[in-house]
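Right, one structure below, let's go through it.
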Amino acid sequence: MTSSGNAGGAADKVLSVLEALAGHERLADLAVATGLPKSTVHRILQSLVARGFAAADGHGGYLPGPRVLALAGRVMGTLDPARTARPELQALRDRTGFTVHLGLRDGDRAVYADKIAGPQPYDMRSRIGQSLDLHSTAIGKAILARLPAAPVRELAARTGLPRHTPRTATSMKALLAALDRVRVDGYAVDDEENEPGLRCVAAAVAGADGAVIGAVSASALVLELPDDRVSALGAEVRASADRISTSLGSPA
């Protein structure tokens with residue numbers, strides 16, 4: 001009888017070969033990529049071919065098989081970003097003690113797809129389903145920073161850059177400068193630009209094709225989130241956003 005340890009080891013080998021097929025075709029390259037003997041890789045490939053998870057290319061190489069593509073399509077079709085992100089949002093709220101949101105792009109705006117309130121006695125006015133501007137929010141700026149300048153200019157021409165507070169960036173020059181800062185820092189900050197008294201930090205979330213689909217944010221009163229805490233929170237939010245992107249199938 002095969003031991004559970006051996007079974008786990010065998011499964012690891014099969015998964016290693018299957019994963020390596022995404023970037024390698026030749027048997028020798030697959031052996032190097034997995035660290036397995038060629039004979040072991042060849043035996044696993046034969047099993048994968050028989051089950052449709054790999055296919056011979058007719059020139060001595062191998063490719064992912066039709067069952068891999070079919071399975072990927074079914075899985076991606078059932079992925080709900082908000083549901084998939086929920087555990088990470090909960091963890092981010094627990095680590096930071098701040099209210100967290102997941103916002104998804106909806107054309108020229110974004111919409112809150114999830115919200116987990118912090119432990120504070122007050123509740124923010126934000127709600128799931130609420131629409132928000134992109135130029136004045138951390139979630140929106142995190143999304144815009146992933147786009148080239150031309151689409152940003154076109155979006156601004158369609159929507160305008162309405163002022164919500166005295167801090168709102170209402171010129172194209174100011175918005176593009178803010179987006180440049182987001183790209184350098186890896187996270188966006190809404191410093192009372194959308195609502196007086198509130199500060200928010202956000203980082204972009206990408207989908208299976210690597211394109212931005214939204215952003216995750218952490219928000220608090222300015223008094224609870226002073227300037228010297230923003231950088232550390234930005235790193236936390238960005239790490240959470242990256243993990244959510246990975247769970248949605250985004251390439252590294």
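Chain labels run A, B, ... following the order of the structure tokens; each chain numbers its residues from 1, and ligands are numbered from 1 in the order shown.
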
Please identify all polymer residues within 12 Å of region 26-30 of chain A, counting only C-alpha atoms, omitting same-chain residues fewer than 2 positions from it, and present them as a compact mmCIF listing (two decimals) with N, CA, C and O atoms, in the first residue's frame.
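Result written to result.txt:
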```
# COMPACT_ATOMS: atom_id res chain seq x y z
N LYS A 13 4.80 15.92 -7.72
CA LYS A 13 5.55 15.76 -8.96
C LYS A 13 4.66 16.01 -10.17
O LYS A 13 5.05 16.69 -11.13
N VAL A 14 3.47 15.45 -10.14
CA VAL A 14 2.53 15.63 -11.25
C VAL A 14 2.17 17.11 -11.41
O VAL A 14 2.18 17.65 -12.51
N SER A 16 3.92 19.64 -10.43
CA SER A 16 5.11 20.38 -10.86
C SER A 16 5.26 20.31 -12.38
O SER A 16 5.56 21.31 -13.04
N VAL A 17 5.04 19.13 -12.93
CA VAL A 17 5.15 18.96 -14.39
C VAL A 17 4.04 19.74 -15.09
O VAL A 17 4.28 20.43 -16.08
N LEU A 18 2.82 19.65 -14.56
CA LEU A 18 1.70 20.35 -15.17
C LEU A 18 1.93 21.86 -15.16
O LEU A 18 1.66 22.56 -16.15
N GLU A 19 2.44 22.37 -14.06
CA GLU A 19 2.73 23.80 -13.96
C GLU A 19 3.85 24.20 -14.92
O GLU A 19 3.79 25.26 -15.56
N ALA A 20 4.88 23.36 -15.03
CA ALA A 20 6.01 23.66 -15.91
C ALA A 20 5.61 23.69 -17.37
O ALA A 20 6.24 24.36 -18.19
N LEU A 21 4.54 22.98 -17.73
CA LEU A 21 4.08 22.96 -19.11
C LEU A 21 3.65 24.34 -19.60
O LEU A 21 3.58 24.58 -20.79
N ALA A 22 3.35 25.23 -18.67
CA ALA A 22 2.94 26.57 -19.07
C ALA A 22 4.08 27.35 -19.69
O ALA A 22 3.84 28.31 -20.44
N GLY A 23 5.33 26.95 -19.40
CA GLY A 23 6.46 27.71 -19.92
C GLY A 23 7.51 26.89 -20.64
O GLY A 23 8.49 27.46 -21.14
N HIS A 24 7.33 25.58 -20.69
CA HIS A 24 8.34 24.71 -21.31
C HIS A 24 7.66 23.62 -22.13
O HIS A 24 6.57 23.17 -21.79
N VAL A 32 14.55 20.06 -16.10
CA VAL A 32 15.30 21.10 -15.40
C VAL A 32 14.36 21.97 -14.57
O VAL A 32 14.65 22.30 -13.42
N ALA A 33 13.23 22.35 -15.15
CA ALA A 33 12.29 23.24 -14.47
C ALA A 33 11.71 22.61 -13.21
O ALA A 33 11.45 23.29 -12.22
N THR A 34 11.49 21.30 -13.26
CA THR A 34 10.87 20.61 -12.11
C THR A 34 11.89 20.01 -11.16
O THR A 34 11.54 19.69 -10.02
N GLY A 35 13.13 19.85 -11.63
CA GLY A 35 14.14 19.19 -10.79
C GLY A 35 13.94 17.70 -10.69
O GLY A 35 14.49 17.04 -9.80
N LEU A 36 13.19 17.13 -11.63
CA LEU A 36 12.90 15.69 -11.63
C LEU A 36 13.71 14.99 -12.72
O LEU A 36 14.06 15.60 -13.74
N PRO A 37 13.99 13.71 -12.55
CA PRO A 37 14.67 12.95 -13.60
C PRO A 37 13.84 12.92 -14.88
O PRO A 37 12.60 12.93 -14.82
N LYS A 38 14.52 12.84 -16.02
CA LYS A 38 13.79 12.80 -17.29
C LYS A 38 12.83 11.63 -17.35
O LYS A 38 11.71 11.75 -17.88
N SER A 39 13.25 10.49 -16.81
CA SER A 39 12.39 9.31 -16.85
C SER A 39 11.09 9.54 -16.08
O SER A 39 10.02 9.11 -16.51
N THR A 40 11.21 10.23 -14.95
CA THR A 40 10.02 10.53 -14.15
C THR A 40 9.11 11.50 -14.88
O THR A 40 7.89 11.32 -14.93
N VAL A 41 9.70 12.53 -15.46
CA VAL A 41 8.92 13.52 -16.20
C VAL A 41 8.22 12.85 -17.38
O VAL A 41 7.03 13.10 -17.65
N HIS A 42 8.94 11.99 -18.09
CA HIS A 42 8.36 11.31 -19.25
C HIS A 42 7.18 10.44 -18.83
O HIS A 42 6.12 10.43 -19.49
N ARG A 43 7.32 9.72 -17.73
CA ARG A 43 6.23 8.86 -17.25
C ARG A 43 5.01 9.69 -16.88
O ARG A 43 3.87 9.33 -17.21
N ILE A 44 5.24 10.83 -16.21
CA ILE A 44 4.12 11.70 -15.83
C ILE A 44 3.46 12.28 -17.07
O ILE A 44 2.22 12.36 -17.16
N LEU A 45 4.27 12.67 -18.05
CA LEU A 45 3.71 13.24 -19.28
C LEU A 45 2.80 12.24 -19.99
O LEU A 45 1.75 12.62 -20.51
N GLN A 46 3.21 11.01 -19.99
CA GLN A 46 2.39 9.99 -20.65
C GLN A 46 1.03 9.86 -19.98
O GLN A 46 -0.01 9.73 -20.64
N ALA A 56 0.97 15.98 -27.03
CA ALA A 56 2.22 15.98 -27.78
C ALA A 56 2.06 16.91 -28.98
O ALA A 56 1.01 16.91 -29.64
N ASP A 57 3.10 17.72 -29.26
CA ASP A 57 2.98 18.68 -30.36
C ASP A 57 3.41 18.11 -31.71
O ASP A 57 3.38 18.79 -32.73
N GLY A 58 3.83 16.84 -31.71
CA GLY A 58 4.23 16.20 -32.96
C GLY A 58 5.66 16.44 -33.34
O GLY A 58 6.14 15.93 -34.35
N HIS A 59 6.38 17.23 -32.55
CA HIS A 59 7.78 17.53 -32.82
C HIS A 59 8.66 17.24 -31.61
O HIS A 59 9.71 17.86 -31.44
N GLY A 60 8.22 16.35 -30.78
CA GLY A 60 9.00 15.95 -29.60
C GLY A 60 8.73 16.81 -28.38
O GLY A 60 9.38 16.63 -27.35
N GLY A 61 7.80 17.73 -28.49
CA GLY A 61 7.48 18.59 -27.35
C GLY A 61 6.09 18.32 -26.82
O GLY A 61 5.33 17.52 -27.39
N TYR A 62 5.74 19.03 -25.77
CA TYR A 62 4.44 18.84 -25.12
C TYR A 62 3.82 20.20 -24.82
O TYR A 62 4.52 21.18 -24.55
N LEU A 63 2.49 20.22 -24.84
CA LEU A 63 1.73 21.43 -24.56
C LEU A 63 0.63 21.11 -23.55
O LEU A 63 0.25 19.94 -23.39
```

Strand (DSSP E or B) residues, from DSSP on the backbone, in region 42-132 of chain A, as number ranges by chain: A: 54-56, 61-64, 99-106, 109-116, 131-132

Residues within 8 Å of Thr137 (chain A), only C-alpha atoms, excluding chain neighbours under 6 positions, as a list in words: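 Contacts, in chain order: Val189, Asp190, Glu193, Asn194 and Cys200 of chain A.
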
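Distance check against Leu223 (chain A) using only C-alpha atoms: of A:Gly107, A:Gly186, A:Gly197, A:Gly65, the minimum falls on A:Gly197.
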
Separation of CA of Ala82 (chain A) from CA of Leu15 (chain A) in Å: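 CA of Ala82 (chain A) lies at a distance of 27.9 Å from CA of Leu15 (chain A).
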
Shell around Ser217 (chain A) at 10 Å using only C-alpha atoms, local window under 6 positions removed, as a VMD selection string: chain A and resid 89 92 to 93 98 to 103 115 137 to 139 142 187 to 189 200 to 204 233 to 234 236 to 238 240 to 241

Just C-alpha atoms for this one: save the residues we selected as a PDB file, in the first residue's frame.
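Heads up, here's the output in again-v2.pdb:
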```
ATOM      1  CA  LEU A  89     -10.472  41.719   2.994  1.00  0.00           C
ATOM      2  CA  LEU A  92      -6.772  43.194   6.101  1.00  0.00           C
ATOM      3  CA  ARG A  93      -9.479  44.669   8.350  1.00  0.00           C
ATOM      4  CA  PHE A  98      -9.671  50.057   9.517  1.00  0.00           C
ATOM      5  CA  THR A  99     -12.728  49.776   7.282  1.00  0.00           C
ATOM      6  CA  VAL A 100     -11.876  48.011   4.038  1.00  0.00           C
ATOM      7  CA  HIS A 101     -13.563  48.097   0.639  1.00  0.00           C
ATOM      8  CA  LEU A 102     -13.320  46.262  -2.641  1.00  0.00           C
ATOM      9  CA  GLY A 103     -14.175  48.531  -5.555  1.00  0.00           C
ATOM     10  CA  LYS A 115     -17.267  46.513   2.568  1.00  0.00           C
ATOM     11  CA  THR A 137     -10.890  58.401  -4.590  1.00  0.00           C
ATOM     12  CA  ALA A 138      -7.972  56.158  -3.686  1.00  0.00           C
ATOM     13  CA  ILE A 139      -9.703  53.195  -5.336  1.00  0.00           C
ATOM     14  CA  ALA A 142      -5.307  53.052  -8.103  1.00  0.00           C
ATOM     15  CA  TYR A 187      -0.611  52.477  -3.771  1.00  0.00           C
ATOM     16  CA  ALA A 188      -2.960  55.456  -4.006  1.00  0.00           C
ATOM     17  CA  VAL A 189      -4.008  57.892  -1.277  1.00  0.00           C
ATOM     18  CA  CYS A 200      -8.030  56.241   2.330  1.00  0.00           C
ATOM     19  CA  VAL A 201      -5.250  54.067   0.917  1.00  0.00           C
ATOM     20  CA  ALA A 202      -5.840  51.706  -2.031  1.00  0.00           C
ATOM     21  CA  ALA A 203      -4.014  49.351  -4.389  1.00  0.00           C
ATOM     22  CA  ALA A 204      -5.079  47.911  -7.722  1.00  0.00           C
ATOM     23  CA  LEU A 233      -0.612  50.887   5.517  1.00  0.00           C
ATOM     24  CA  GLY A 234       0.085  51.264   1.812  1.00  0.00           C
ATOM     25  CA  GLU A 236      -0.270  46.231   3.766  1.00  0.00           C
ATOM     26  CA  VAL A 237      -2.981  47.162   1.281  1.00  0.00           C
ATOM     27  CA  ARG A 238      -0.768  46.493  -1.716  1.00  0.00           C
ATOM     28  CA  SER A 240      -3.532  42.244   0.096  1.00  0.00           C
ATOM     29  CA  ALA A 241      -4.360  43.492  -3.405  1.00  0.00           C
TER      30      ALA A 241
END
```

Non-local contacts of region 162-168 of chain A (10 Å; only C-alpha atoms; under 3 positions in same chain excluded) as a PyMOL selection string: chain A and resi 133+135-137+156+159+171+174-175+190-196

For the selection you just gave me, I'd like the residues written to a file as a compact mmCIF listing (two decimals), in the first residue's frame, keeping all heavy atoms.
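Once everything was written out, this is part19.txt:
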```txt
# COMPACT_ATOMS: atom_id res chain seq x y z
N ASP A 133 -16.53 58.33 -8.07
CA ASP A 133 -15.65 58.91 -9.09
C ASP A 133 -14.27 58.27 -9.00
O ASP A 133 -13.83 57.83 -7.93
CB ASP A 133 -15.52 60.41 -8.89
CG ASP A 133 -16.77 61.18 -9.31
OD1 ASP A 133 -17.55 60.62 -10.09
OD2 ASP A 133 -16.94 62.32 -8.85
N HIS A 135 -11.38 59.95 -10.14
CA HIS A 135 -10.30 60.94 -9.98
C HIS A 135 -10.12 61.39 -8.53
O HIS A 135 -9.06 61.89 -8.16
CB HIS A 135 -10.57 62.16 -10.85
CG HIS A 135 -11.67 63.04 -10.34
ND1 HIS A 135 -12.99 62.67 -10.41
CD2 HIS A 135 -11.65 64.27 -9.75
CE1 HIS A 135 -13.74 63.63 -9.89
NE2 HIS A 135 -12.95 64.61 -9.48
N SER A 136 -11.16 61.20 -7.69
CA SER A 136 -11.11 61.78 -6.35
C SER A 136 -11.00 60.74 -5.24
O SER A 136 -10.99 61.10 -4.06
CB SER A 136 -12.37 62.63 -6.11
OG SER A 136 -13.54 61.82 -6.21
N THR A 137 -10.94 59.47 -5.59
CA THR A 137 -10.89 58.40 -4.59
C THR A 137 -9.61 57.60 -4.73
O THR A 137 -9.03 57.51 -5.82
CB THR A 137 -12.09 57.45 -4.76
OG1 THR A 137 -12.05 56.87 -6.07
CG2 THR A 137 -13.40 58.19 -4.55
N ALA A 156 -11.47 61.58 -18.49
CA ALA A 156 -11.68 62.88 -17.85
C ALA A 156 -12.49 63.82 -18.73
O ALA A 156 -13.30 64.61 -18.24
CB ALA A 156 -10.32 63.50 -17.51
N THR A 159 -16.17 62.68 -18.28
CA THR A 159 -16.78 62.81 -16.96
C THR A 159 -16.54 64.16 -16.30
O THR A 159 -17.27 64.54 -15.38
CB THR A 159 -16.24 61.72 -16.02
OG1 THR A 159 -14.83 61.93 -15.80
CG2 THR A 159 -16.45 60.34 -16.61
N SER A 171 -7.68 69.41 -12.14
CA SER A 171 -7.00 69.68 -13.40
C SER A 171 -6.33 68.40 -13.89
O SER A 171 -5.94 67.54 -13.10
CB SER A 171 -5.94 70.78 -13.24
OG SER A 171 -4.82 70.30 -12.52
N ALA A 174 -2.78 68.02 -12.50
CA ALA A 174 -2.71 67.55 -11.12
C ALA A 174 -3.05 66.06 -11.02
O ALA A 174 -2.43 65.31 -10.26
CB ALA A 174 -3.66 68.36 -10.25
N LEU A 175 -4.04 65.62 -11.80
CA LEU A 175 -4.42 64.20 -11.77
C LEU A 175 -3.30 63.32 -12.29
O LEU A 175 -2.96 62.30 -11.68
CB LEU A 175 -5.69 63.98 -12.58
CG LEU A 175 -6.16 62.52 -12.68
CD1 LEU A 175 -6.43 61.94 -11.30
CD2 LEU A 175 -7.40 62.42 -13.57
N ASP A 190 -6.20 58.84 -0.94
CA ASP A 190 -7.22 59.87 -0.98
C ASP A 190 -7.11 60.62 0.34
O ASP A 190 -7.52 60.11 1.39
CB ASP A 190 -8.60 59.23 -1.16
CG ASP A 190 -9.76 60.15 -0.74
OD1 ASP A 190 -9.52 61.35 -0.55
OD2 ASP A 190 -10.88 59.64 -0.60
N ASP A 191 -6.53 61.81 0.29
CA ASP A 191 -6.28 62.61 1.49
C ASP A 191 -7.35 63.70 1.59
O ASP A 191 -7.13 64.83 1.21
CB ASP A 191 -4.88 63.21 1.43
CG ASP A 191 -4.45 63.83 2.75
OD1 ASP A 191 -5.20 63.71 3.74
OD2 ASP A 191 -3.38 64.46 2.78
N GLU A 192 -8.53 63.29 2.04
CA GLU A 192 -9.68 64.20 2.14
C GLU A 192 -10.05 64.79 0.79
O GLU A 192 -10.56 65.91 0.71
CB GLU A 192 -9.40 65.32 3.14
CG GLU A 192 -9.13 64.85 4.56
CD GLU A 192 -9.01 66.02 5.53
OE1 GLU A 192 -10.04 66.50 6.03
OE2 GLU A 192 -7.84 66.46 5.75
N GLU A 193 -9.84 64.04 -0.27
CA GLU A 193 -10.14 64.53 -1.62
C GLU A 193 -11.56 64.21 -2.05
O GLU A 193 -12.11 64.85 -2.95
CB GLU A 193 -9.15 63.92 -2.62
CG GLU A 193 -7.71 64.33 -2.37
CD GLU A 193 -6.72 63.39 -3.02
OE1 GLU A 193 -6.88 63.11 -4.22
OE2 GLU A 193 -5.79 62.91 -2.33
N ASN A 194 -12.16 63.21 -1.41
CA ASN A 194 -13.52 62.82 -1.76
C ASN A 194 -14.53 63.18 -0.67
O ASN A 194 -15.68 63.47 -0.95
CB ASN A 194 -13.59 61.32 -2.04
CG ASN A 194 -14.84 60.92 -2.79
OD1 ASN A 194 -15.07 61.37 -3.92
ND2 ASN A 194 -15.66 60.07 -2.18
N GLU A 195 -14.04 63.16 0.57
CA GLU A 195 -14.90 63.47 1.71
C GLU A 195 -14.05 64.07 2.82
O GLU A 195 -13.03 63.50 3.20
CB GLU A 195 -15.60 62.21 2.20
CG GLU A 195 -16.66 62.45 3.25
CD GLU A 195 -17.44 61.19 3.58
OE1 GLU A 195 -17.39 60.22 2.78
OE2 GLU A 195 -18.10 61.16 4.63
N PRO A 196 -14.43 65.23 3.35
CA PRO A 196 -13.63 65.86 4.41
C PRO A 196 -13.50 64.95 5.64
O PRO A 196 -14.45 64.26 6.03
CB PRO A 196 -14.45 67.11 4.75
CG PRO A 196 -15.27 67.37 3.54
CD PRO A 196 -15.60 66.03 2.98
```

DSSP helix (DSSP H, G or I) residues within region 90-246 of chain A, as a VMD selection string: chain A and resid 90 to 96 138 to 144 149 to 159 172 to 185 227 to 246

Save the residues we just selected, C-alpha atoms, as a CSV table (one decimal), in the first residue's frame?
```csv
chain,number,residue,atom,x,y,z
A,90,GLN,CA,-11.4,40.3,6.4
A,91,ALA,CA,-7.7,39.7,7.2
A,92,LEU,CA,-6.8,43.2,6.1
A,93,ARG,CA,-9.5,44.7,8.3
A,94,ASP,CA,-8.3,42.5,11.3
A,95,ARG,CA,-4.6,43.5,10.7
A,96,THR,CA,-5.2,47.2,10.4
A,138,ALA,CA,-8.0,56.2,-3.7
A,139,ILE,CA,-9.7,53.2,-5.3
A,140,GLY,CA,-10.2,55.2,-8.5
A,141,LYS,CA,-6.7,56.6,-8.7
A,142,ALA,CA,-5.3,53.1,-8.1
A,143,ILE,CA,-7.3,51.9,-11.1
A,144,LEU,CA,-6.4,54.9,-13.3
A,149,ALA,CA,-2.3,58.6,-20.1
A,150,ALA,CA,-4.5,58.7,-23.3
A,151,PRO,CA,-7.4,56.7,-21.8
A,152,VAL,CA,-7.2,58.7,-18.6
A,153,ARG,CA,-7.5,61.9,-20.6
A,154,GLU,CA,-10.4,60.6,-22.6
A,155,LEU,CA,-12.2,59.5,-19.4
A,156,ALA,CA,-11.7,62.9,-17.8
A,157,ALA,CA,-13.1,64.6,-21.0
A,158,ARG,CA,-16.2,62.5,-20.7
A,159,THR,CA,-16.8,62.8,-17.0
A,172,MET,CA,-5.6,67.1,-15.8
A,173,LYS,CA,-2.0,68.1,-14.8
A,174,ALA,CA,-2.7,67.6,-11.1
A,175,LEU,CA,-4.4,64.2,-11.8
A,176,LEU,CA,-1.6,62.9,-14.0
A,177,ALA,CA,1.0,63.9,-11.4
A,178,ALA,CA,-1.0,62.1,-8.7
A,179,LEU,CA,-1.1,59.0,-10.9
A,180,ASP,CA,2.6,59.2,-11.4
A,181,ARG,CA,3.0,59.1,-7.6
A,182,VAL,CA,0.7,56.1,-7.4
A,183,ARG,CA,2.9,54.2,-9.8
A,184,VAL,CA,6.0,55.0,-7.8
A,185,ASP,CA,4.5,54.2,-4.4
A,227,ASP,CA,0.8,60.9,7.8
A,228,ASP,CA,3.5,58.7,9.4
A,229,ARG,CA,1.2,55.6,9.1
A,230,VAL,CA,0.3,55.9,5.5
A,231,SER,CA,3.4,54.2,4.0
A,232,ALA,CA,3.1,51.1,6.2
A,233,LEU,CA,-0.6,50.9,5.5
A,234,GLY,CA,0.1,51.3,1.8
A,235,ALA,CA,2.4,48.3,1.9
A,236,GLU,CA,-0.3,46.2,3.8
A,237,VAL,CA,-3.0,47.2,1.3
A,238,ARG,CA,-0.8,46.5,-1.7
A,239,ALA,CA,0.2,43.0,-0.4
A,240,SER,CA,-3.5,42.2,0.1
A,241,ALA,CA,-4.4,43.5,-3.4
A,242,ASP,CA,-1.6,41.3,-4.9
A,243,ARG,CA,-2.9,38.3,-3.1
A,244,ILE,CA,-6.4,38.9,-4.3
A,245,SER,CA,-5.1,39.4,-7.9
A,246,THR,CA,-3.3,36.0,-7.6
```

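Going from CA of Leu48 (chain A) over to CA of Arg67 (chain A), you cover 9.8 Å.
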
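Atom pair CA of Gly118 (chain A) / CA of Leu225 (chain A) has a distance of 13.0 Å (rounded to one decimal).
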